[in-house]
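Okay, structure first, notes after.
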Amino acid sequence: MVVVFSLFDADRLPNLARSGISPTNTMNKEARLKASINQKLTETGERDRLKELLRAKLTECGWKDQMKAQCKDVIKQKGLEHVTVEDLVVEVTPKGRALVPDSVKKELLQRIRAFLTQHAS
Amino acid sequence: MSPAGCPHVNSFKVDNWKQNLRLIYQCFVWSGSAETRKRKAKSCICHMCGAHLNRLHSCLYCVFFACFSKKHIHEHAKSKRHNLAIDLLYGGIYCFMCQDYIYDKEMEQIAKEEQRKAWKMQVKAPSFCAAGIGEKYSTWEPTKRELELLRHNPKRRRITSNCTIGLRGLINLGNTCFMNCIVQALTHTPLLRDFFLSDRHKCEMQSNSCLVCEMSQLFQEFYSGHRSPHIPFRLLHLVWTHARHLAGYEQQDAHEFLIAALDVLHRHCKGDARAQRFPLGRSRGWRGVWLWSDGERFLCVSADDNGKKANNPNHCNCIIDQIFTGGLQSDVTCQVCHGVSTTIDPFWDISLDLPGSSTPFWPLSPGGDVTALNGESHSTGATTLMDCLRRFTRPEHLGSSAKIKCSGCHSYQESTKQLTMKKLPIVACFHLKRFEHSAKLRRKITTYVSFPLELDMTPFMASSKESRMNGQYQQTVEAFNNDNKYSLFAVVNHQGTLESGHYTTFIRQHKDQWFKCDDAIITKASIKDVLDSEGYLLFYHKQFLEYE
């Protein structure tokens with residue numbers, strides 16, 4: 001049974017408050033702040049722009065190639081027939097996070113800060 | 001991870017599943033329009049914990065979003081027996097029965113199409129263009145024909161970091177080192193190499209005299225793996241045929257050969273088989289009239305102020321134009337009304353005057369930006385390439401004897417002229433004018449000019465000049481703009497005098513290995529050897545290329 005997602009049927013999406021589940025109440029202040037920032041970024045399309053910028057930066061500095069090499073190692077280790085995406089995510093994510101150059105982190109933070117000051121409400 | 005797909009998708013593939021899947025992609029994965037983005041921002045949170053991170057997935061059977069990392073979507077899948085979910089970040093389909101992401105051909109096709117659609121919509125938005133983001137990168141997938149070719153030709157060549165493929169000596173056929181040195185530079189121009197090795201030239205010429213075909217052959221010879229020097233007699237014959245002024249056994253100028261070769265290649269790329277008079281002056285790096293002392297050669301006239309050009313640059317998209325053509329902006333400012341008349345000319349190389357020539361190098365004209373932007377000091381120490389470029393782009397007072405008709409003042413006024421780069425080519429060739437052919441003397445200027453391994457052309461851009469004039473000295477956007485950064489990949493040197501000399505080339509192989517090409521002899525060189533050399537033609541390649 002497939003539910004039709006109609007573009008104009010926005011009210012079909014569950015109103016969480018009505019159904020009694022209110023996840024925002026269970027979130028602390030920091031989580032709510034993160035959520036609202038994410039909302040703003042997504043709405044304006046800035047999130048997608050930043051994602052592409054980040055993608056370009058990480059390719060330029062060779063991070064993408066490093067990750068590719070890491071993935072190849074994991075695949076060799078586990079065997080091509082048995083390895084799952086989850087294996088790769090678990091093994092490569094911590095290394096990936098650590099290997100992001102500080103300059104890239106700085107640039108992205110700068111951009112986000114600039115965006116937030118522009119859209120302060 | 002079975003390439004055959006997963007059997008559990010069959011229960012999903014019923015009724016109008018394709019349209020439904022497309023809607024999911026459009027609304028929640030790759031939102032192209034402002035309204036879908038708004039909806040995505042509001043509704044894409046975990047129905048159990050409210051978080052928007054943690055690898056959010058959407059159930060494919062009902063309206064339910066949940067975290068993957070916290071296993072919230074797993075709970076839903078188990079309790080409702082809904083076995084498929086889609087990753088809202090990357091669009092991958094997860095099957096809870098197979099316990100892995102699955103790759104169904106039909107679903108992959110839909111995903112790819114929706115991604116491309118959303119991308120196209122986003123790229124049109126002005127904010128996206130400003131960010132400098134172009135065509136979406138997608139990995140190469142071979143066509144049926146290419147797969148066929150690969151299967152028929154199973155021999156593979158492994159390129160290791162110390163592999164010398166692409167290096168080959170060239171026999172000197174009698175003072176032909178001027179040609180050999182340029183051939184070495186061209187065969188090591190990465191984009192040109194890629195063009196020819198992927199067989200992109202479709203010849204339209206009837207006769208056997210297509211220089212592009214010969215170039216293609218040359219690349220095949222260089223990358224064949226043969227180590228014996230190649231004898232370029234066919235190339236020499238074609239050059240004599242198409243550029244008569246270079247024929248003969250005497251030594252020619254390598255720079256002239258470069259321009260002639262680029263011109264012929266450019267013409268043959270268009271499939272024009274008609275013999276044409278060689279339109280010299282293709283290189284707009286020269287300013288003013290430049291007459292060669294050899295009677296057979298032609299005049300090169302720079303664009304006059306009405307914008308009339310010596311040759312008409314037809315908008316061409318051949319590989320030569322794509323790689324080598326840049327745009328040089330010339331601004332003539334009336335000293336009275338300060339109106340600016342701008343023209344943009346195409347160029348293949350930049351010819352730079354050197355200190356020690358009869359044209360004065362320093363001091364700069366009034367109004368010139370003497371304070372170095374890179375903190376260099378030019379009063380002491382060797383002249384640098386940056387110095388030469390600064391001089392090239394300085395505002396030059398045209399003097400009272402060369403008044404320009406100003407369209408604002410409707411009369412002849414004194415003016416200043418300034419050159420800046422409007423559009424940078426992918427390969428920038430700098431020609432240091434070491435050979436002086438003035439009426440009084442013919443000599444070689446051997447002043448040492450130091451040139452860098454990496455070059456940033458930002459200070460010489462027309463856009464930089466505009467922002468300087470508007471008082472903005474430090475543009476934060478420039479920090480993110482890597483578009484003007486270049487890396488050195490070939491250096492042509494001339495040893496000896498005007499009467500008898502010899503050309504050699506340093507070329508870059510792989511990332512940091514340099515080799516010296518002296519006709520048939522190839523030797524390993526150090527970066528120091530390269531940077532200490534005199535330098536006559538300097539070839540720089542853009543560091544970052546955008547897809548168009």
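Numbering starts fresh at 1 for the residues of each chain in the structure tokens, the chains themselves are lettered A, B, ... in the order given, and ligands are numbered from 1 as they appear.
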
Hey, what's within 10 Å of Tyr94 in chain B if we count only C-alpha atoms and toss same-chain stuff fewer than 5 positions away? As a compact mmCIF listing (two decimals) with C-alpha atoms, in the first residue's frame, please?
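Here's the written file out35.txt:
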```
# COMPACT_ATOMS: atom_id res chain seq x y z
CA VAL A 85 27.44 0.58 3.53
CA HIS B 57 15.35 8.53 6.50
CA SER B 58 11.83 8.46 5.16
CA CYS B 59 9.74 5.32 5.08
CA LEU B 60 8.72 4.47 1.52
CA ASN B 83 10.86 -2.74 4.63
CA LEU B 84 12.08 0.13 2.53
CA ALA B 85 13.33 3.57 3.52
CA ILE B 86 15.07 6.37 1.65
CA ASP B 87 18.05 8.37 2.92
CA GLN B 99 20.13 -4.94 5.86
CA ASP B 100 21.95 -2.81 3.37
CA TYR B 101 21.41 -0.12 0.75
CA ILE B 102 20.20 -1.62 -2.49
CA TYR B 103 20.71 -0.50 -6.05
```

For CA of Ile404 in chain B and CA of Glu436 in chain B, the interatomic separation in Å (one decimal):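 So the answer is 28.6 Å.
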
Identify every residue of chain B that has at least one atom within 6 Å of any atom of chain A, counting only C-alpha atoms, and report the result as an NGL selection string. :B and (37-38 or 41 or 49-50 or 61-62 or 100)

Write a file of the selected residues as an mmCIF file, in the first residue's frame, keeping all heavy atoms.
```cif
data_model
loop_
_atom_site.group_PDB
_atom_site.id
_atom_site.type_symbol
_atom_site.label_atom_id
_atom_site.label_comp_id
_atom_site.auth_asym_id
_atom_site.auth_seq_id
_atom_site.Cartn_x
_atom_site.Cartn_y
_atom_site.Cartn_z
ATOM 1 N N ARG B 37 11.643 23.657 -0.608
ATOM 2 C CA ARG B 37 12.660 23.832 0.436
ATOM 3 C C ARG B 37 11.996 24.174 1.756
ATOM 4 O O ARG B 37 12.385 23.657 2.802
ATOM 5 C CB ARG B 37 13.632 24.949 0.039
ATOM 6 C CG ARG B 37 14.809 24.486 -0.785
ATOM 7 C CD ARG B 37 15.960 25.438 -0.645
ATOM 8 N NE ARG B 37 15.617 26.779 -1.071
ATOM 9 C CZ ARG B 37 15.728 27.221 -2.324
ATOM 10 N NH1 ARG B 37 16.179 26.422 -3.257
ATOM 11 N NH2 ARG B 37 15.396 28.458 -2.617
ATOM 12 N N LYS B 38 10.986 25.049 1.683
ATOM 13 C CA LYS B 38 10.273 25.457 2.908
ATOM 14 C C LYS B 38 9.642 24.248 3.563
ATOM 15 O O LYS B 38 9.738 24.059 4.781
ATOM 16 C CB LYS B 38 9.185 26.465 2.550
ATOM 17 C CG LYS B 38 9.581 27.911 2.737
ATOM 18 C CD LYS B 38 8.374 28.782 3.034
ATOM 19 C CE LYS B 38 8.764 30.190 3.430
ATOM 20 N NZ LYS B 38 9.063 31.035 2.258
ATOM 21 N N ALA B 41 12.274 22.058 5.067
ATOM 22 C CA ALA B 41 12.805 22.611 6.308
ATOM 23 C C ALA B 41 11.868 22.321 7.473
ATOM 24 O O ALA B 41 12.308 21.982 8.571
ATOM 25 C CB ALA B 41 13.018 24.107 6.153
ATOM 26 N N CYS B 49 12.150 11.798 17.752
ATOM 27 C CA CYS B 49 12.938 12.634 18.653
ATOM 28 C C CYS B 49 13.090 14.075 18.177
ATOM 29 O O CYS B 49 13.649 14.907 18.865
ATOM 30 C CB CYS B 49 14.321 12.033 18.875
ATOM 31 S SG CYS B 49 15.343 12.128 17.387
ATOM 32 N N GLY B 50 12.600 14.403 16.999
ATOM 33 C CA GLY B 50 12.629 15.789 16.543
ATOM 34 C C GLY B 50 13.934 16.256 15.941
ATOM 35 O O GLY B 50 14.036 17.380 15.464
ATOM 36 N N TYR B 61 6.749 3.476 2.553
ATOM 37 C CA TYR B 61 5.373 2.974 2.537
ATOM 38 C C TYR B 61 4.389 3.894 3.221
ATOM 39 O O TYR B 61 3.187 3.774 3.021
ATOM 40 C CB TYR B 61 5.314 1.583 3.185
ATOM 41 C CG TYR B 61 5.940 0.505 2.330
ATOM 42 C CD1 TYR B 61 7.228 0.047 2.590
ATOM 43 C CD2 TYR B 61 5.250 -0.043 1.255
ATOM 44 C CE1 TYR B 61 7.801 -0.934 1.803
ATOM 45 C CE2 TYR B 61 5.821 -1.029 0.458
ATOM 46 C CZ TYR B 61 7.098 -1.476 0.743
ATOM 47 O OH TYR B 61 7.665 -2.444 -0.034
ATOM 48 N N CYS B 62 4.902 4.805 4.082
ATOM 49 C CA CYS B 62 3.992 5.733 4.751
ATOM 50 C C CYS B 62 4.739 7.006 5.088
ATOM 51 O O CYS B 62 5.944 7.104 4.885
ATOM 52 C CB CYS B 62 3.418 5.105 6.035
ATOM 53 S SG CYS B 62 4.639 4.951 7.354
ATOM 54 N N ASP B 100 20.940 -3.598 4.062
ATOM 55 C CA ASP B 100 21.948 -2.806 3.371
ATOM 56 C C ASP B 100 21.233 -1.915 2.363
ATOM 57 O O ASP B 100 20.050 -2.126 2.053
ATOM 58 C CB ASP B 100 22.955 -3.714 2.654
ATOM 59 C CG ASP B 100 24.227 -2.989 2.269
ATOM 60 O OD1 ASP B 100 24.406 -1.823 2.679
ATOM 61 O OD2 ASP B 100 25.048 -3.584 1.533
#
```

List every residue of range 21-206 of chain B that DSSP, applied to the backbone, labels as strand (DSSP E or B), and write the result as a PyMOL selection string. chain B and resi 56-59+65-67+84-87+93-95+100-102+170

Point-to-point distance in Å for CA of Leu398 in chain B and CA of Thr342 in chain B: 15.4 Å
